[in-house]
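Structure file model31.txt; described as compact mmCIF, C-alpha atoms and all ligand atoms.
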# COMPACT_ATOMS: atom_id res chain seq x y z
CA MET A 14 -62.53 -149.52 -43.16
CA GLU A 15 -64.02 -146.76 -45.27
CA VAL A 16 -66.03 -147.38 -48.44
CA ILE A 17 -66.50 -144.65 -51.04
CA LEU A 18 -69.15 -145.07 -53.69
CA ALA A 19 -68.67 -142.84 -56.72
CA GLU A 20 -71.50 -140.36 -57.21
CA HIS A 21 -71.37 -140.91 -60.95
CA ALA A 22 -71.66 -144.70 -60.78
CA GLY A 23 -74.25 -146.51 -62.87
CA PHE A 24 -76.83 -145.58 -65.49
CA CYS A 25 -76.18 -142.39 -67.41
CA PHE A 26 -78.95 -140.21 -68.77
CA GLY A 27 -78.99 -141.88 -72.21
CA VAL A 28 -79.12 -145.44 -70.88
CA THR A 29 -81.79 -144.56 -68.31
CA LYS A 30 -83.90 -143.09 -71.08
CA ALA A 31 -83.45 -146.13 -73.36
CA VAL A 32 -84.28 -148.65 -70.63
CA GLU A 33 -87.31 -146.64 -69.48
CA THR A 34 -88.49 -146.45 -73.08
CA VAL A 35 -88.58 -150.25 -73.33
CA TYR A 36 -90.41 -150.64 -69.99
CA ASP A 37 -92.90 -147.96 -71.11
CA GLN A 38 -93.51 -149.90 -74.32
CA ILE A 39 -94.17 -153.08 -72.35
CA GLU A 40 -96.91 -151.18 -70.51
CA LYS A 41 -98.35 -149.75 -73.71
CA GLU A 42 -97.97 -152.46 -76.34
CA LYS A 43 -97.75 -155.61 -74.21
CA LYS A 44 -96.43 -157.66 -77.16
CA ASN A 45 -94.29 -157.65 -80.32
CA ILE A 46 -91.61 -155.46 -78.80
CA TYR A 47 -88.11 -155.74 -80.22
CA THR A 48 -84.85 -154.03 -79.44
CA PHE A 49 -82.10 -153.67 -82.02
CA GLY A 50 -79.27 -155.30 -80.06
CA PRO A 51 -79.47 -155.63 -76.29
CA ILE A 52 -80.81 -152.35 -74.89
CA ILE A 53 -77.84 -152.18 -72.51
CA HIS A 54 -74.75 -154.26 -71.84
CA ASN A 55 -76.26 -155.84 -68.79
CA GLU A 56 -77.44 -159.43 -68.73
CA THR A 57 -79.68 -158.95 -65.69
CA VAL A 58 -81.69 -156.14 -67.24
CA VAL A 59 -81.83 -157.79 -70.66
CA GLY A 60 -82.92 -161.07 -69.02
CA ASP A 61 -85.72 -159.28 -67.16
CA LEU A 62 -86.93 -157.66 -70.38
CA GLU A 63 -86.84 -161.01 -72.17
CA LYS A 64 -89.06 -162.51 -69.46
CA LYS A 65 -91.48 -159.69 -70.15
CA GLY A 66 -91.56 -160.65 -73.83
CA VAL A 67 -89.04 -158.24 -75.34
CA LYS A 68 -87.01 -159.87 -78.12
CA VAL A 69 -83.49 -158.83 -79.00
CA ILE A 70 -82.84 -158.59 -82.75
CA GLU A 71 -79.19 -158.79 -83.76
CA ASN A 72 -79.61 -158.14 -87.47
CA ILE A 73 -82.23 -156.84 -89.81
CA GLU A 74 -82.81 -160.25 -91.47
CA GLU A 75 -84.36 -161.54 -88.25
CA LEU A 76 -87.25 -159.17 -88.91
CA ASP A 77 -88.12 -160.83 -92.23
CA GLY A 78 -91.84 -161.49 -92.28
CA ILE A 79 -92.49 -159.38 -89.17
CA SER A 80 -94.45 -156.21 -89.80
CA GLU A 81 -96.36 -155.71 -86.59
CA GLY A 82 -95.09 -154.30 -83.35
CA CYS A 83 -92.37 -151.86 -82.46
CA ILE A 84 -88.62 -151.79 -82.40
CA VAL A 85 -86.62 -149.72 -79.96
CA ILE A 86 -83.24 -148.33 -81.06
CA ARG A 87 -80.81 -148.33 -78.17
CA SER A 88 -78.74 -145.40 -76.93
CA HIS A 89 -75.71 -146.23 -79.17
CA GLY A 90 -77.87 -145.63 -82.24
CA VAL A 91 -77.70 -147.59 -85.50
CA THR A 92 -76.21 -147.01 -88.93
CA ARG A 93 -78.07 -144.89 -91.43
CA GLU A 94 -78.57 -147.99 -93.64
CA THR A 95 -80.07 -149.98 -90.76
CA MET A 96 -82.42 -147.11 -89.94
CA GLU A 97 -83.59 -146.97 -93.55
CA LYS A 98 -84.17 -150.72 -93.63
CA LEU A 99 -86.06 -150.58 -90.35
CA GLU A 100 -88.28 -147.85 -91.76
CA ASN A 101 -89.21 -150.23 -94.59
CA THR A 102 -90.32 -153.03 -92.28
CA GLY A 103 -93.54 -151.31 -91.30
CA LEU A 104 -92.70 -151.68 -87.61
CA LYS A 105 -93.14 -148.66 -85.37
CA ILE A 106 -89.67 -147.29 -84.65
CA ILE A 107 -88.96 -145.86 -81.24
CA ASP A 108 -85.64 -144.14 -81.42
CA ALA A 109 -83.91 -144.06 -78.03
CA THR A 110 -80.56 -143.06 -79.53
CA CYS A 111 -78.92 -140.81 -76.96
CA PRO A 112 -79.16 -137.15 -78.03
CA PHE A 113 -75.39 -136.83 -77.53
CA VAL A 114 -74.84 -139.60 -80.09
CA LYS A 115 -77.36 -138.01 -82.46
CA ARG A 116 -75.40 -134.77 -82.19
CA ILE A 117 -72.32 -136.60 -83.48
CA HIS A 118 -74.30 -138.05 -86.42
CA LYS A 119 -75.33 -134.50 -87.30
CA ILE A 120 -71.82 -133.08 -87.02
CA VAL A 121 -70.38 -135.86 -89.19
CA GLU A 122 -73.11 -135.47 -91.79
CA GLU A 123 -72.83 -131.67 -91.97
CA GLU A 124 -69.05 -131.53 -91.93
CA SER A 125 -68.68 -134.18 -94.62
CA GLU A 126 -71.28 -132.35 -96.72
CA LYS A 127 -68.93 -129.35 -96.54
CA GLY A 128 -66.27 -131.55 -98.11
CA ARG A 129 -64.27 -132.24 -94.97
CA SER A 130 -62.80 -135.66 -94.29
CA ILE A 131 -63.93 -137.22 -91.03
CA ILE A 132 -61.86 -138.86 -88.33
CA VAL A 133 -63.68 -140.76 -85.60
CA VAL A 134 -61.59 -141.55 -82.54
CA GLY A 135 -62.99 -144.73 -81.03
CA SER A 136 -63.35 -148.44 -81.39
CA GLY A 137 -64.22 -149.28 -85.00
CA SER A 138 -66.21 -152.39 -84.15
CA HIS A 139 -68.37 -150.64 -81.55
CA PRO A 140 -71.97 -150.15 -82.75
CA GLU A 141 -71.88 -146.48 -81.75
CA VAL A 142 -68.84 -145.88 -83.96
CA GLU A 143 -70.32 -147.92 -86.81
CA GLY A 144 -73.38 -145.66 -86.59
CA ILE A 145 -71.29 -142.46 -86.53
CA VAL A 146 -69.19 -143.59 -89.50
CA SER A 147 -72.30 -144.30 -91.56
CA TYR A 148 -73.32 -140.62 -91.43
CA ALA A 149 -70.19 -139.51 -93.31
CA LYS A 150 -70.90 -138.62 -96.90
CA GLY A 151 -67.27 -138.97 -98.01
CA ASP A 152 -63.86 -139.90 -96.68
CA VAL A 153 -63.96 -141.27 -93.10
CA THR A 154 -61.30 -142.93 -90.94
CA VAL A 155 -61.54 -144.51 -87.51
CA ILE A 156 -58.51 -144.12 -85.25
CA GLU A 157 -58.65 -146.48 -82.31
CA SER A 158 -55.76 -145.26 -80.16
CA PRO A 159 -52.78 -142.88 -79.98
CA GLU A 160 -50.64 -145.77 -81.31
CA LYS A 161 -52.89 -146.01 -84.37
CA ALA A 162 -52.67 -142.22 -84.79
CA GLU A 163 -48.91 -142.68 -85.23
CA GLU A 164 -49.63 -145.00 -88.18
CA PHE A 165 -52.24 -142.72 -89.78
CA LYS A 166 -51.35 -141.91 -93.38
CA GLY A 167 -53.57 -138.96 -94.20
CA ASP A 168 -53.33 -136.12 -96.65
CA ARG A 169 -51.98 -132.81 -95.32
CA GLU A 170 -53.81 -130.95 -98.06
CA LEU A 171 -57.20 -132.13 -96.75
CA GLU A 172 -59.29 -130.53 -94.03
CA TYR A 173 -60.34 -132.99 -91.35
CA THR A 174 -63.08 -132.82 -88.74
CA LEU A 175 -62.39 -135.10 -85.82
CA VAL A 176 -65.03 -136.39 -83.41
CA SER A 177 -64.89 -139.00 -80.69
CA GLN A 178 -66.88 -141.99 -79.53
CA THR A 179 -68.84 -140.70 -76.52
CA THR A 180 -67.13 -143.07 -74.10
CA PHE A 181 -63.54 -142.60 -75.25
CA ASN A 182 -60.86 -142.02 -72.63
CA ARG A 183 -60.24 -138.27 -72.50
CA LYS A 184 -56.46 -138.56 -71.96
CA LYS A 185 -56.05 -140.88 -74.92
CA PHE A 186 -58.23 -138.52 -76.95
CA GLN A 187 -55.90 -135.60 -76.16
CA GLU A 188 -52.84 -137.73 -76.96
CA THR A 189 -54.38 -138.75 -80.29
CA ILE A 190 -55.02 -135.12 -81.24
CA GLU A 191 -51.50 -134.05 -80.25
CA ILE A 192 -49.98 -136.77 -82.42
CA LEU A 193 -52.10 -135.80 -85.44
CA ASN A 194 -51.30 -132.11 -84.92
CA ASN A 195 -47.59 -132.90 -84.63
CA TYR A 196 -47.74 -134.68 -87.96
CA GLY A 197 -49.10 -131.47 -89.47
CA TYR A 198 -52.67 -132.50 -90.28
CA ASN A 199 -55.28 -129.77 -90.61
CA ILE A 200 -57.81 -130.86 -87.99
CA ASN A 201 -60.91 -129.22 -86.64
CA VAL A 202 -61.50 -131.02 -83.33
CA VAL A 203 -64.99 -131.42 -81.90
CA ASN A 204 -64.74 -133.06 -78.52
CA THR A 205 -67.80 -135.28 -78.38
CA ILE A 206 -66.82 -137.28 -75.32
CA CYS A 207 -69.93 -137.32 -73.20
CA ASN A 208 -69.84 -135.39 -69.91
CA ALA A 209 -71.30 -138.37 -68.11
CA THR A 210 -68.27 -140.38 -69.21
CA ASP A 211 -65.88 -137.60 -68.40
CA GLU A 212 -67.27 -137.10 -64.90
CA ARG A 213 -67.41 -140.83 -64.27
CA GLN A 214 -63.81 -141.32 -65.42
CA SER A 215 -62.38 -138.33 -63.48
CA GLU A 216 -64.18 -139.30 -60.32
CA ALA A 217 -63.10 -142.95 -60.63
CA GLU A 218 -59.50 -141.86 -61.13
CA THR A 219 -59.60 -139.59 -58.05
CA ILE A 220 -61.08 -142.32 -55.87
CA ALA A 221 -58.71 -145.00 -57.22
CA SER A 222 -55.67 -142.82 -56.50
CA LYS A 223 -56.44 -142.81 -52.79
CA ALA A 224 -58.12 -146.25 -52.46
CA ASP A 225 -56.30 -149.40 -51.30
CA ALA A 226 -58.75 -151.47 -53.33
CA MET A 227 -61.11 -150.46 -56.10
CA ILE A 228 -64.15 -152.30 -57.44
CA VAL A 229 -65.46 -151.55 -60.93
CA ILE A 230 -68.90 -153.01 -61.67
CA GLY A 231 -69.91 -153.42 -65.29
CA GLY A 232 -71.03 -155.76 -68.04
CA ALA A 233 -68.34 -157.91 -69.69
CA SER A 234 -69.06 -156.33 -73.06
CA SER A 235 -69.51 -152.78 -71.82
CA SER A 236 -66.68 -150.73 -73.29
CA ASN A 237 -67.15 -147.78 -70.93
CA SER A 238 -66.88 -150.15 -67.94
CA ARG A 239 -63.69 -151.69 -69.29
CA LYS A 240 -62.24 -148.23 -69.77
CA LEU A 241 -63.10 -147.41 -66.16
CA TYR A 242 -61.28 -150.55 -65.11
CA GLU A 243 -58.22 -149.51 -67.15
CA ILE A 244 -58.16 -146.05 -65.56
CA CYS A 245 -58.60 -147.38 -62.03
CA SER A 246 -55.97 -150.12 -62.38
CA GLN A 247 -53.41 -147.52 -63.37
CA LYS A 248 -53.97 -145.78 -60.03
CA CYS A 249 -54.71 -148.73 -57.79
CA ILE A 250 -53.15 -152.16 -58.27
CA ASN A 251 -55.93 -153.91 -56.34
CA THR A 252 -58.63 -153.12 -58.88
CA TYR A 253 -61.38 -155.72 -59.42
CA PHE A 254 -63.72 -155.87 -62.40
CA ILE A 255 -67.01 -157.61 -61.64
CA GLN A 256 -70.42 -157.96 -63.29
CA THR A 257 -72.40 -158.79 -60.17
CA LEU A 258 -71.77 -159.50 -56.51
CA ASP A 259 -71.26 -163.21 -57.36
CA ASP A 260 -68.00 -162.36 -59.13
CA LEU A 261 -66.57 -160.58 -56.12
CA HIS A 262 -64.00 -162.67 -54.28
CA LEU A 263 -62.28 -160.07 -52.19
CA ASP A 264 -59.37 -161.17 -50.16
CA LEU A 265 -58.32 -157.94 -48.57
CA PRO A 266 -55.32 -157.66 -46.27
CA SER A 267 -56.02 -156.00 -42.90
CA SER A 268 -53.94 -153.00 -44.00
CA VAL A 269 -56.72 -151.99 -46.42
CA ARG A 270 -58.32 -148.80 -45.13
CA LEU A 271 -60.22 -147.47 -48.10
CA VAL A 272 -62.26 -149.32 -50.75
CA GLY A 273 -63.65 -147.41 -53.71
CA ILE A 274 -66.59 -148.51 -55.83
CA THR A 275 -67.61 -147.29 -59.24
CA ALA A 276 -69.76 -148.68 -62.04
CA GLY A 277 -70.20 -148.35 -65.77
CA ALA A 278 -73.12 -146.63 -67.49
CA SER A 279 -75.07 -149.86 -67.91
CA THR A 280 -74.95 -151.09 -64.32
CA PRO A 281 -78.31 -151.00 -62.53
CA LYS A 282 -78.61 -149.34 -59.13
CA ASN A 283 -79.62 -152.53 -57.32
CA ILE A 284 -76.36 -154.30 -58.29
CA ILE A 285 -74.30 -151.32 -57.09
CA GLU A 286 -76.27 -151.28 -53.81
CA GLU A 287 -75.72 -155.02 -53.30
CA VAL A 288 -71.98 -154.73 -53.78
CA GLN A 289 -71.76 -151.68 -51.59
CA ASN A 290 -73.74 -153.32 -48.77
CA TYR A 291 -71.68 -156.48 -49.00
CA VAL A 292 -68.36 -154.63 -48.74
CA ARG A 293 -69.63 -152.44 -45.89
CA THR A 294 -70.87 -155.37 -43.83
CA ASN A 295 -68.13 -157.91 -44.54
CA PHE A 296 -64.94 -155.91 -44.19
FE1 LIG A 301 -75.52 -140.80 -73.83
FE2 LIG A 301 -73.36 -140.21 -72.56
FE3 LIG A 301 -74.80 -142.15 -71.76
S1 LIG A 301 -73.60 -140.29 -74.72
S2 LIG A 301 -75.75 -142.96 -73.56
S3 LIG A 301 -75.40 -140.00 -71.75
S4 LIG A 301 -72.59 -142.12 -71.78
Could I get this structure in the form of structure tokens?
Amino acid sequence: MEVILAEHAGFCFGVTKAVETVYDQIEKEKKNIYTFGPIIHNETVVGDLEKKGVKVIENIEELDGISEGCIVIRSHGVTRETMEKLENTGLKIIDATCPFVKRIHKIVEEESEKGRSIIVVGSGSHPEVEGIVSYAKGDVTVIESPEKAEEFKGDRELEYTLVSQTTFNRKKFQETIEILNNYGYNINVVNTICNATDERQSEAETIASKADAMIVIGGASSSNSRKLYEICSQKCINTYFIQTLDDLHLDLPSSVRLVGITAGASTPKNIIEEVQNYVRTNF
């Protein structure tokens, strides 16, 4: 049986940078290190950081009375309001927002300053999208899917600038734009889907289309991993979504010749290696 591991599996550039930033801080500061939300959607990594004294802050109120130490902003970024409040705490802010996310903040800010309405294609409750939305100076709408684009009641007299959550599915993004164009909206599209996501998704789709079984490794709350799972299951009915090797209960028929493995942006290398080694040695 052949096993193919996707080249673009695991940590992307932005997540690597954010995680390294926290480990660097542990070396430098030793104590009073906070992250605004878990630095990545991976319990193993977050657990390791916690053991080393890093505290996860879920909301700004938890910082009441704390004015010493540093807080690391994760790769998704935060809302403008949160950033302003953090600046007032007196804590040192280490901004590990991915530069690709920062670019979207800038586009949204500049375009809305020009008087354009903003459309963000992505999941409205995702912290990255909440951050992006907060940079709009005027009218802003989140469209979560092509189905929601059908329901969009905009104004054909307005000029819209449309951006995307970095991890949005590229096919659904195209579908969403087509629908909005067909309804006659005046839209300037800036495709802000991150290349890392694009490459990961295309490669996963290619592998899944020829694999008899496909394993997607990712955190339960990692949206890019869930999207990978969605893409792979459309091409391969035996697609498994796991967080770690412990979740893998493969019962493969002897006819299985090719198993593909991919992983979301927040999956550490060692977990991918473990799964890969297990599949190679046990099947
Ligand atoms: Fe950045 Fe792309 Fe990763 S936006 S955090 S490099 S998925």
Anything within 9 Å of (-59.5, -139.4, -89.0): list those residues as a compact mmCIF listing (two decimals) with C-alpha atoms, in the coordinates of the input, counting only C-alpha atoms and sticking to the file's coordinates.
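File written: part12.txt
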# COMPACT_ATOMS: atom_id res chain seq x y z
CA SER A 130 -62.80 -135.66 -94.29
CA ILE A 131 -63.93 -137.22 -91.03
CA ILE A 132 -61.86 -138.86 -88.33
CA VAL A 133 -63.68 -140.76 -85.60
CA VAL A 134 -61.59 -141.55 -82.54
CA ASP A 152 -63.86 -139.90 -96.68
CA VAL A 153 -63.96 -141.27 -93.10
CA THR A 154 -61.30 -142.93 -90.94
CA VAL A 155 -61.54 -144.51 -87.51
CA ILE A 156 -58.51 -144.12 -85.25
CA ALA A 162 -52.67 -142.22 -84.79
CA PHE A 165 -52.24 -142.72 -89.78
CA GLY A 167 -53.57 -138.96 -94.20
CA TYR A 173 -60.34 -132.99 -91.35
CA THR A 174 -63.08 -132.82 -88.74
CA LEU A 175 -62.39 -135.10 -85.82
CA VAL A 176 -65.03 -136.39 -83.41
CA LEU A 193 -52.10 -135.80 -85.44
CA ILE A 200 -57.81 -130.86 -87.99
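Separating atom CA of Arg293 of chain A from atom CA of Gly231 of chain A is a distance of 19.4 Å.
For Ile73 of chain A, the set of protein, DNA and RNA residues having any atom at most 12 Å away, when counting all atoms listed in the file and skipping those fewer than 5 positions along the same chain, is Tyr47, Thr48, Phe49, Gly50, Gly78, Ile79, Ile84, Val91, Thr92, Glu94, Thr95, Met96, Glu97, Lys98, Leu99, Glu100, Asn101, Thr102 and Leu104 of chain A.
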Which residue, A:Lys166, A:Val292, A:Asn237, A:Asn182, has the smallest gap to Tyr196 of chain A when you use all atoms listed in the file?
A:Lys166
Counting only C-alpha atoms and all ligand atoms, name the residues that have an atom within 10 Å of an atom of ligand LIG 301 (chain A); the answer should be given as a PyMOL selection string.
chain A and resi 23-31+53+87-90+109-117+141+178-181+205-211+213+237+277-279
Tell me, as number ranges by chain, which residues lie within 9 Å of Thr257 of chain A, counting all atoms listed in the file; anything in the same chain fewer than 4 positions away does not count.
A: 230-232, 261, 284-285, 287-288
Using C-alpha atoms, can you export the residues from the last selection as a PDB file, in the coordinates of the input?
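As written to disk, selection_33.pdb reads:
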ATOM      1  CA  ILE A 230     -68.900-153.010 -61.670  1.00  0.00           C
ATOM      2  CA  GLY A 231     -69.910-153.420 -65.290  1.00  0.00           C
ATOM      3  CA  GLY A 232     -71.030-155.760 -68.040  1.00  0.00           C
ATOM      4  CA  LEU A 261     -66.570-160.580 -56.120  1.00  0.00           C
ATOM      5  CA  ILE A 284     -76.360-154.300 -58.290  1.00  0.00           C
ATOM      6  CA  ILE A 285     -74.300-151.320 -57.090  1.00  0.00           C
ATOM      7  CA  GLU A 287     -75.720-155.020 -53.300  1.00  0.00           C
ATOM      8  CA  VAL A 288     -71.980-154.730 -53.780  1.00  0.00           C
TER       9      VAL A 288
END
What is the atom CA of Asp264 of chain A-atom CA of Ala226 of chain A distance in Å, reported with one decimal?
10.2 Å
In Å, how far is it from atom CA of Ser136 of chain A to atom CA of Lys282 of chain A?
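Separating atom CA of Ser136 of chain A from atom CA of Lys282 of chain A is a distance of 27.0 Å.
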Extract, using only C-alpha atoms, all DNA, RNA and protein residues at most 10 Å from Glu212 of chain A, discarding same-chain residues fewer than 4 positions from it, and format them as a list in words.
Glu20, His21, Ala22, Cys207, Asn208, Glu216, Ala217 and Glu218 of chain A
Could you please give me, as a JSON list (two decimals) with C-alpha atoms, keeping the file's coordinate frame, the residues of protein, DNA or RNA lying at most 12 Å from (-46.4, -135.6, -84.0) in the coordinate frame of the file, considering only C-alpha atoms?
[["chain", "number", "residue", "atom", "x", "y", "z"],
["A", 159, "PRO", "CA", -52.78, -142.88, -79.98],
["A", 160, "GLU", "CA", -50.64, -145.77, -81.31],
["A", 162, "ALA", "CA", -52.67, -142.22, -84.79],
["A", 163, "GLU", "CA", -48.91, -142.68, -85.23],
["A", 164, "GLU", "CA", -49.63, -145.00, -88.18],
["A", 165, "PHE", "CA", -52.24, -142.72, -89.78],
["A", 188, "GLU", "CA", -52.84, -137.73, -76.96],
["A", 189, "THR", "CA", -54.38, -138.75, -80.29],
["A", 190, "ILE", "CA", -55.02, -135.12, -81.24],
["A", 191, "GLU", "CA", -51.50, -134.05, -80.25],
["A", 192, "ILE", "CA", -49.98, -136.77, -82.42],
["A", 193, "LEU", "CA", -52.10, -135.80, -85.44],
["A", 194, "ASN", "CA", -51.30, -132.11, -84.92],
["A", 195, "ASN", "CA", -47.59, -132.90, -84.63],
["A", 196, "TYR", "CA", -47.74, -134.68, -87.96],
["A", 197, "GLY", "CA", -49.10, -131.47, -89.47],
["A", 198, "TYR", "CA", -52.67, -132.50, -90.28]]
Selection near Leu18 of chain A, 7 Å with only C-alpha atoms, sequence-local residues under 2 positions removed, as an MDAnalysis selection string:
chainID A and resid 16 20 273:275
From the options A:Pro51, A:Glu126, A:Asn295, A:Ile250, which residue's atoms come nearest to His262 of chain A, counting all atoms listed in the file?
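Among A:Pro51, A:Glu126, A:Asn295, A:Ile250, it is A:Asn295 that comes nearest to His262 of chain A.
Among the candidate residues A:Thr280, A:Asn204, A:Ser80, A:Ser222, the one lying nearest to Asn251 of chain A is A:Ser222, with distances computed using only C-alpha atoms.
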When distances are computed from only C-alpha atoms, which of A:Ile145, A:Ile228, A:Val32, A:Cys249 shows the smallest separation from His54 of chain A?
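Smallest distance to His54 of chain A is found for A:Val32.
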Quick one: of A:Lys64, A:Tyr291, A:Arg270, A:Ile255, who's nearest to Ala233 of chain A, counting all atoms listed in the file?
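Checking each candidate against Ala233 of chain A, we get A:Ile255 as the closest.
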Selected residue, from A:Glu15, A:Ala276, A:Ser235, A:Gly60, that lies nearest to His139 of chain A when counting all atoms listed in the file:
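Looking only at the distances to His139 of chain A, the closest residue turns out to be A:Ser235.
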